[in-house]
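Right, one structure below, let's go through it.
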Amino acid sequence: MKTPIQFRLNGEDVATFADGGANLLDVLREGVGDLSVKGGCWQGTCGTCTVLIEGVPRLSCVTLAETCTGRSIETTAGLRHGADLHPLQKAFMERFAAQCGYCTPGMLMAAKALLDRNPNPSREDVVEAIGGNICRCTGYEPIINAVLDAARTDSRRHT
Amino acid sequence: MLEFRKDIFADERDDNLMEIGQPTQRQDMLGHVTGTSPYYDDHRFANLLHLKILRSPHAHARIRSIDDSVAARAPGVKRIIRAADVPVNLNTLLGLIQFGKDDEPSLATDIVRYKGEPILGVVATSERAALEALALVRVSYDPLPAVFDVEEALKPGAPSVNPSYPKNTFEYYGKYDHQKLRYGDADAAFAQADVVLDERYQMSPIEHAPTETNGSIAVPDTNGRFIVYTSTQALFFSLDTSAKINAMPSNQLHFIGGTVGGGFGGKVDTMTEPLSILAARLTGAPVRYRFSRHEEMQFGSPRGGERIYIKDGVMKDGRIIARKVRAYFDSGAYTRLSSYAVVKCAAHIPGPYTIPNVHADVFCVFTNRTPATAMRGFGVTALDFALECQMDKGATAIGMDPLEYRILNAYRDGDMKAHRREAKNCALIECAQVAAEKANWPLRDEFRKMSSRKDGGAAHVGGAADRTRAPASPAATRAPASTPQRVAYERPAPASPPRTAPAAPPPRSAQPPPPAAPAGSTHGAPRFSSVFGTRRR
Amino acid sequence: MAKHRGRGVATINYPIGMNLGGDPSQALVHSNPTGKFTVALSSIDLGQGMKSVTRQICAETLGVPVEDVYVDTADSDTGPHCMGSFASRGTHRVGNAVMVAAREARAVMMEAAAEELEVDPSDLETDGKGSIRVKGAPHRSISVRDVAIAAHGGFGTQRRHGHIRQGKTIAGRGIFLVPLSDVDPETGEMSPATCYAHACLIAEVEVDDETGDVTVLKMTSAYEIGRAINPKLVEQQLVGGSWMGMSHALYETPEPYYPDTRNGPRDFNEYLMPGPGDICPHDILVLERPAPDGPFGAKGPGEMCANPVLPAIANAVFNAVGVRINDLPITPEKILRALKARGSGSAPARLR
Amino acid sequence: MSITVKTFPRLVDAAGALAQERGARFLAGGTLVMRDVNNADPEIETIIRSTDPSFSHIAASSGRVELAGGVTMAAVLAERDLAFLHPVARAVGGPALREAATIGGNLFAGRGDFATALLALDATVILAGGFGQRELPLDDFLGRGDRGAALVSAVAFKRPTGEALRFTKVTRVHPKGLSVLSIAAQLPLASGRVTGARVAYAGMSPAPFRAKAVERALEGRSLDAAGIAPALAVASDGTSPADDPIASAWWRREILPVHLRRLLLGAGHA
């Protein structure tokens with residue numbers, strides 16, 4: 001039996017049908033076709049599939065999809081506005097903070113959740129914010145620096 | 001924090017280039033930060049089917065019977081794939097370069113040889129349906145004795161793991177059960193050594209843990225061919241292996257990949273493509289075979305464990321005159337790539353040092369565990385761990401600074417290596433000098449002046465300097481009590497000359513000590529003067 | 001409770017490319033009708049930067065801006081053979097193949113330009129900005145775009161001379177192969193590799209002698225990698241690789257009780273790797289001694305950068321608390337067992 | 001083949017269904033249940049959940065604190081009145097996991113770091129059942145083998161006064177790592193002497209439990225090297241640690257007294 005699921009994805013209303021018990025990650029990728037969300041473990045242990053639900057970071061692979069009905073979800077696909085990259089995307093590029101790029105969407109969303117709440121984070125805040133996200137390539141340092149850079153440019157923009 | 005030392009070896013480079021050396025942005029970076037880089041699983045197909053694999057719960061067992069009748073009727077199941085369905089159900093990866101015998105089935109036939117070995121596949125309309133059907137398959141086993149330790153596996157009477165190699169060792173040149181390296185006469189040299197160090201090291205297995213697990217999607221094409229989207233690290237390795245196992249002409253396969261979520265060696269083994277292609281052929285539909293994280297962690301090939309014994313003969317003045325290595329690669333139940341790593345390991349012995357007497361035996365051993373494969377530093381990482389811990393112990397044993405001990409024994413341009421090739425383009429000494437300077441690791445003057453270059457770099461920089469291991473001028477030598485006076489750093493000829501005459505290490509005694517370095521030479525001592533407080537240029 | 005600091009060092013080298021050679025890679029380079037180039041490969045970019053390194057090598061060899069080159073990989077229908085991305089062979093082997101292909105394409109491009117400018121190809125040079133000019137007479141130049149249009153018999157171009165269209169393919173094929181070396185079964189005599197990268201790494205650690213916990217405080221390293229094709233990509237490899245080395249040294253194993261197979265980790269909670277809170281400052285120096293047969297002298301930093309970290313940390317632990325851990329990973333448990341076995345008798349080694 | 005999800009507006013009805021249906025699991029945050037669902041755990045045929053607003057209620061202003069079973073670690077961190085529990089909540093997973101991980105769920109996690117703190121707070125568990133609610137001490141609940149069918153409606157405890165709750169988590173990976181072990185302690189002091197100590201461990205036995213021998217040994221003692229010596233001597237009483245992928249039983253036993261000492265001497269605040 002398929003379950004109808006409706007939610008707002010990056011500002012647009014979307015709807016699909018999913019198997020009972022389907023997780024949000026599979027519904028986003030297979031159901032709605034948002035391939036910017038990557039799956040790393042389907043166990044809730046790597047953070048690769050991190051998305052924002054109502055502005056807070058969630059592990060989409062262990063989120064029951066139908067609990068998201070009527071809610072607002074943000075993914076990396078919605079980060080850039082037209083041609084303009086989000087300050088985090090720019091900073092990740094400038095810092096060369098991606099190698100294979102597979103953990104990058106989850107890292108970006110974990111970082112966005114932080115900056116949306118705390119525009120001027122300390123290095124410790126950043127480390128805490130990405131603490132649930134596994135990166136096997138970069139050694140984390142460039143990612144931490146990129147998030148700190150983005151915070152600086154972001155707060156400069158807002159003030 | 002990264003900084004370039006362009007001043008070093010500058011005379012060997014033409015830095016007048018346009019694009020080379022530029023910090024150009026990665027071609028794939030925009031795709032990465034926008035989530036649009038196309039990994040193999042970022043392709044969508046109507047009616048995609050899913051392949052899941054039944055794996056052995058035993059490390060070694062005979063399969064008595066398999067009953068998949070209930071599973072075959074389970075909801076969503078399109079096809080059961082059995083060993084008998086695999087056209088060529090025995091293969092070895094390096095068969096493509098004629099190295100080794102076919103020894104590994106895609107699906108186990110009568111015997112399983114490691115916990116997690118694939119036995120049977122279910123193709124279904126969803127991963128869940130496939131997993132639920134797998135739970136309905138009934139297999140009965142007769143457990144067999146298993147062996148997990150590389151040295152136990154070599155003992156007489158140990159359980160035989162792999163019928164292609166009944167003695168539990170890979171065969172080299174059809175005559176030896178291991179790879180040999182022989183240079184000089186290590187045993188004779190040990191008798192002359194002031195200190196002999198005999199040590200054991202164990203490298204653990206390592207999981208590559210790429211954030212994207214192994215996987216592939218095989219899609220029937222309009223013209224009888226199959227398009228295969230894959231996470232492979234080696235496109236044609238995977239294509240040709242898949243063609244062989246499926247008994248298909250290679251031009252019926254169109255592999256598309258190249259954007260991969262991390263590999264580190266763990267995506268060289270063609271673990272999913274042959275079966276996803278077979279499933280697509282048998283069902284006529286697109287099929288995805290994607291490792292779960294648990295499968296990737298435990299049943300995808302890891303870096304194998306390696307056990308290494310090293311025996312060094314060291315003189316009080318710091319010279320290493322003999323090194324003997326005995327190493328065992330844990331290949332797991334099948335060969336995959338360990339046989340190759342063994343030769344690479346032998347070639348790497350005795351490390352980046354010039355040692356006149358070297359003796360090594362390196363084994364590729366089969367045990368009842370997940371087959372091992374390549375990983376970053378394959379064949380070398382574990383050996384480097386063992387060699388460099390051994391170097392530290394050697395230095396400690398004779399009371400010498402461990403970095404000076406390494407510089408003293410470091411290979412230089414023109415030195416003869418144990419595998420009988422001349423060392424060229426060396427730079428170990430320079431790396432040591434530069435790192436020591438940065439970390440304020442004190443090096444005595446003569447060690448700061450040494451060089452990897454044949455003539456100490458003199459020819460390249462006009463100013464000759466004492467950068468060989470020829471005796472330091474008495475003035476320059478301020479050896480503390482902890483380090484005996486270096487009467488001569490030259491290497492003795494091997495106790496018994498190696499087979500190929502020119503291969504014998506050049507006796508340094510033949511070389512006259514070069515003149516002392518004039519001030520201001522651009523390579524060597526002045527560069528490291530910052531240790532004395534002068535600012536580096 | 002006492003914490004002890006120590007420093008350890010390791011020096012290593014690493015062979016570039018598959019042991020014994022015999023590992024070919026091929027490349028195809030061609031221009032589109034308006035002078036933009038495509039490199040067709042079947043090589044894999046698994047994060048190490050293959051697409052970007054070969055792109056810069058191609059641009060340098062052609063003498064055109066890097067923006068005018070796009071690397072298309074990996075498609076078995078369009079990309080020629082490549083053994084794959086392993087054994088640090090990408091930059092060296094594939095890079096060389098791309099160079100050969102780009103040289104052949106450049107030769108055709110220069111011929112076509114010479115025909116347009118009515119000079120001998122040997123009188124021409126590229127300016128690296130998208131134009132080809134007569135040596136010593138920069139005002140006599142033609143854009144790569146116009147050369148391509150003329151060569152391909154492209155559509156609707158303004159022709160300064162009334163030549164018929166040239167009908168040339170600005171394309172090149174490249175292969176690079178280090179011949180396979182035999183191995184002497186008795187002595188192991190062989191030619192394993194044509195060039196080697198080098199490194200020295202110094203690690204500083206702090207060890208808690210009551211729990212065995214190790215904190216890596218600092219790393220200082222020097223890596224000699226031939227030619228750095230792209231310093232940013234080199235930095236990516238060296239920073240990420242040293243993290244992996246630290247991870248191998250202290251954390252990782254899929255078989256925690258090896259050779260006993262019990263308790264294998266099943267997820268990223270149980271498979272231990274240092275998190276962003278466990279990393280340390282790392283000063284890296286890069287040396288470039290060009291490899292005679294490397295593309296622009298390049299070797300390959302990808303694999304070897306992890307290797308010196310393992311022994312450097314092991315030696316630092318000894319320097320800190322005076323125990324040798326010869327089994328990887330160097331877990332706090334192994335250190336604690338060794339400390340207890342040694343007893344409080346012998347003092348820790350001198351602090352360096 | 002596909003799973004049935006039943007959603008109940010009232011928690012009590014969810015509890016009733018959970019008690020009756022076989023193959024049913026209650027889903028709060030999902031971090032435990034969804035992992036098994038993704039893995040097609042044949043034990044799970046039905047997911048039961050509730051949208052009852054009371055299930056995420058926090059009552060923390062008075063002396064008696066009551067936290068509903070569906071309260072997440074993130075919600076705890078957002079509640080100023082629960083500052084004494086913030087170090088504990090922060091020890092659970094990463095930020096994304098904490099938005100889902102619930103207090104009820106933590107009582108079922110093998111290494112319940114939060115449950116350990118609740119033990120040290122002498123918490124009571126309020127179970128929702130088909131026939132109304134039932135209260136029992138948390139350590140009785142955790143001692144039970146069959147917690148499967150239970151639905152934790154809430155936990156309640158007396159707000160600690162004076163001496164703050166002490167908590168330490170031992171992990172190999174920072175900031176987010178699985179806990180090797182954790183220790184929580186509430187050490188009320190009367191004129192410098194401990195009275196009615198509560199000390200609990202996670203990772204030292206199949207489920208978190210109270211180190212009663214340590215509690216007794218601390219009674220009337222001062223928190224200095226001499227005062228805590230008897231407690232350290234019995235630190236391992238009742239523990240039955242296991243070898244697992246991240247640490248051996250041996251190491252856990254060896255370091256437990258070290259970390260207990262550091263915690264008791266005030267060096268171990270999380």
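Chain lettering (A, B, ...) mirrors the order of the structure tokens, residue numbering begins at 1 for each chain separately, and ligand numbering begins at 1 in order of display.
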
Can you check which parts of chain C lie within 7 Å of chain A? Per residue, the shortest pair of atoms and distance in Å to one decimal, counting only C-alpha atoms, sorted by chain and number, as CSV.
residue,atom,partner,partner_atom,distance
C:Leu46,CA,A:Cys100,CA,5.5
C:Gly47,CA,A:Cys100,CA,3.5
C:Gln48,CA,A:Gln99,CA,6.3
C:Gln236,CA,A:Thr138,CA,6.4
C:Val239,CA,A:Gly139,CA,6.2
C:Gly240,CA,A:Thr138,CA,4.2
C:Trp243,CA,A:Gly139,CA,5.0
C:Asp267,CA,A:Thr45,CA,6.6
C:Phe268,CA,A:Thr45,CA,5.4
C:Asn269,CA,A:Thr45,CA,6.1
C:Gly275,CA,A:Gly131,CA,6.8
C:Pro276,CA,A:Tyr140,CA,5.6
C:Gly277,CA,A:Val127,CA,6.1

message = Quick check for you: according to DSSP on this backbone, which residues of segment 105-265 of chain C are classed as strand (DSSP E or B)? Reply as a ChimeraX atom specification.
response = /C:124-126,131-134,137-143,171-176,196-208,214-224

inquiry  = I'd like the contact shell of segment 80-96 of chain D - 8 Å cut-off, only C-alpha atoms, skipping same-chain residues fewer than 3 positions apart - returned as number ranges by chain.
reply    = A: 47, 50, 56-59, 110, 128-133; D: 60-61, 73-74, 76-77, 99-100, 113-114, 117, 164-165, 167, 169, 175-178, 270

task = Using only C-alpha atoms, determine which residues of chain B fall within 6 Å of chain A; present them as number ranges by chain.
result = B: 32-33, 35, 211-212, 261-262, 293

Nearby residues (only C-alpha atoms) at most 12 Å from Arg166 of chain D, same-chain spacing under 6 positions excluded, as a ChimeraX atom specification = /D:84-88,116-118,120-121,160,182-188,197-201,259-270

What are the closest atom pairs, with distances in Å to one decimal, for each residue of chain C lying within 6 Å of chain D, using only C-alpha atoms, rows by chain and rising residue number, as a Markdown table?
| residue | atom | partner | partner_atom | distance |
| --- | --- | --- | --- | --- |
| C:Thr211 | CA | D:Ile255 | CA | 5.7 |
| C:Asn263 | CA | D:Pro245 | CA | 5.0 |
| C:Gly264 | CA | D:Pro245 | CA | 5.8 |
| C:Pro265 | CA | D:Pro245 | CA | 5.4 |
| C:Asn269 | CA | D:Leu178 | CA | 5.7 |
| C:Glu270 | CA | D:Pro245 | CA | 5.7 |
| C:Pro274 | CA | D:Val173 | CA | 5.5 |
| C:Gly275 | CA | D:His174 | CA | 5.1 |
| C:Gly277 | CA | D:His174 | CA | 4.7 |
| C:Asp278 | CA | D:His174 | CA | 5.8 |
| C:Glu333 | CA | D:Trp251 | CA | 5.6 |

request  = Check every residue of chain D for an atom within 8 Å of chain B, counting only C-alpha atoms, and provide those that qualify as a list in words.
outcome  = Met1, Ser2, Asn38, Asn39, Ala40 and Pro42 of chain D

request  = Output as JSON, numbers by chain the set of chain C residues within 6 Å of chain B, with distances taken over only C-alpha atoms.
outcome  = {"C": [10, 13, 19, 44, 45, 46, 52, 56, 60, 73, 74, 75, 76, 84, 85, 187, 188, 189, 190, 198, 199, 200, 221, 222, 228, 229, 230, 231, 232, 253, 254, 259, 266, 283, 284, 285, 286, 287, 289, 303, 304, 307, 310, 311, 326, 327, 328]}

key: Pick from B:Lys167, B:Arg82, B:Arg62, B:Arg55 nearest to Leu275 of chain B, counting only C-alpha atoms   = B:Arg82

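Remark: for Glu235 of chain C, the closest of the candidate residues C:Ile175, C:Ala40, C:Val100, C:Cys305 is C:Cys305 (distances computed over only C-alpha atoms).
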
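Every protein or nucleic acid residue with an atom no more than 9 Å from segment 87-96 of chain B, counting only C-alpha atoms and leaving out same-chain residues fewer than 3 positions away, appears here: Ala83, Ala84, Phe99, Gly100, Lys101, Asp102, Asp103, Glu104, Pro105, Ser106, Leu107, Ala108, Thr109, Phe237, Ser238, Asp240, Thr241, Lys244, Ile245, Asn246, Ala247, Asp269, Thr270, Leu278, Tyr334, Thr335, Arg336, Leu337 and Tyr340 of chain B.
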
query = In Å to one decimal, how far is atom CA of Ala65 of chain A from atom CA of Ile53 of chain A?
reply =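 Rounded to one decimal, the two atoms are 11.3 Å apart.
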
query = At what distance in Å, to one decimal, does atom CA of Thr102 of chain D lie from atom CA of Gly129 of chain D?
reply = 18.8 Å

ask   = For chain D, which of A:Thr63, A:Thr69, A:Thr153, A:Asn120 is the closest residue, counting only C-alpha atoms?
value =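 Using only C-alpha atoms, chain D sits closest to A:Thr63.
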
ask   = atom CA of Lys36 of chain C to atom CA of Glu111 of chain C: how many Å, to one decimal?
value =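 If I compute the distance from atom CA of Lys36 of chain C to atom CA of Glu111 of chain C, I get 17.0 Å.
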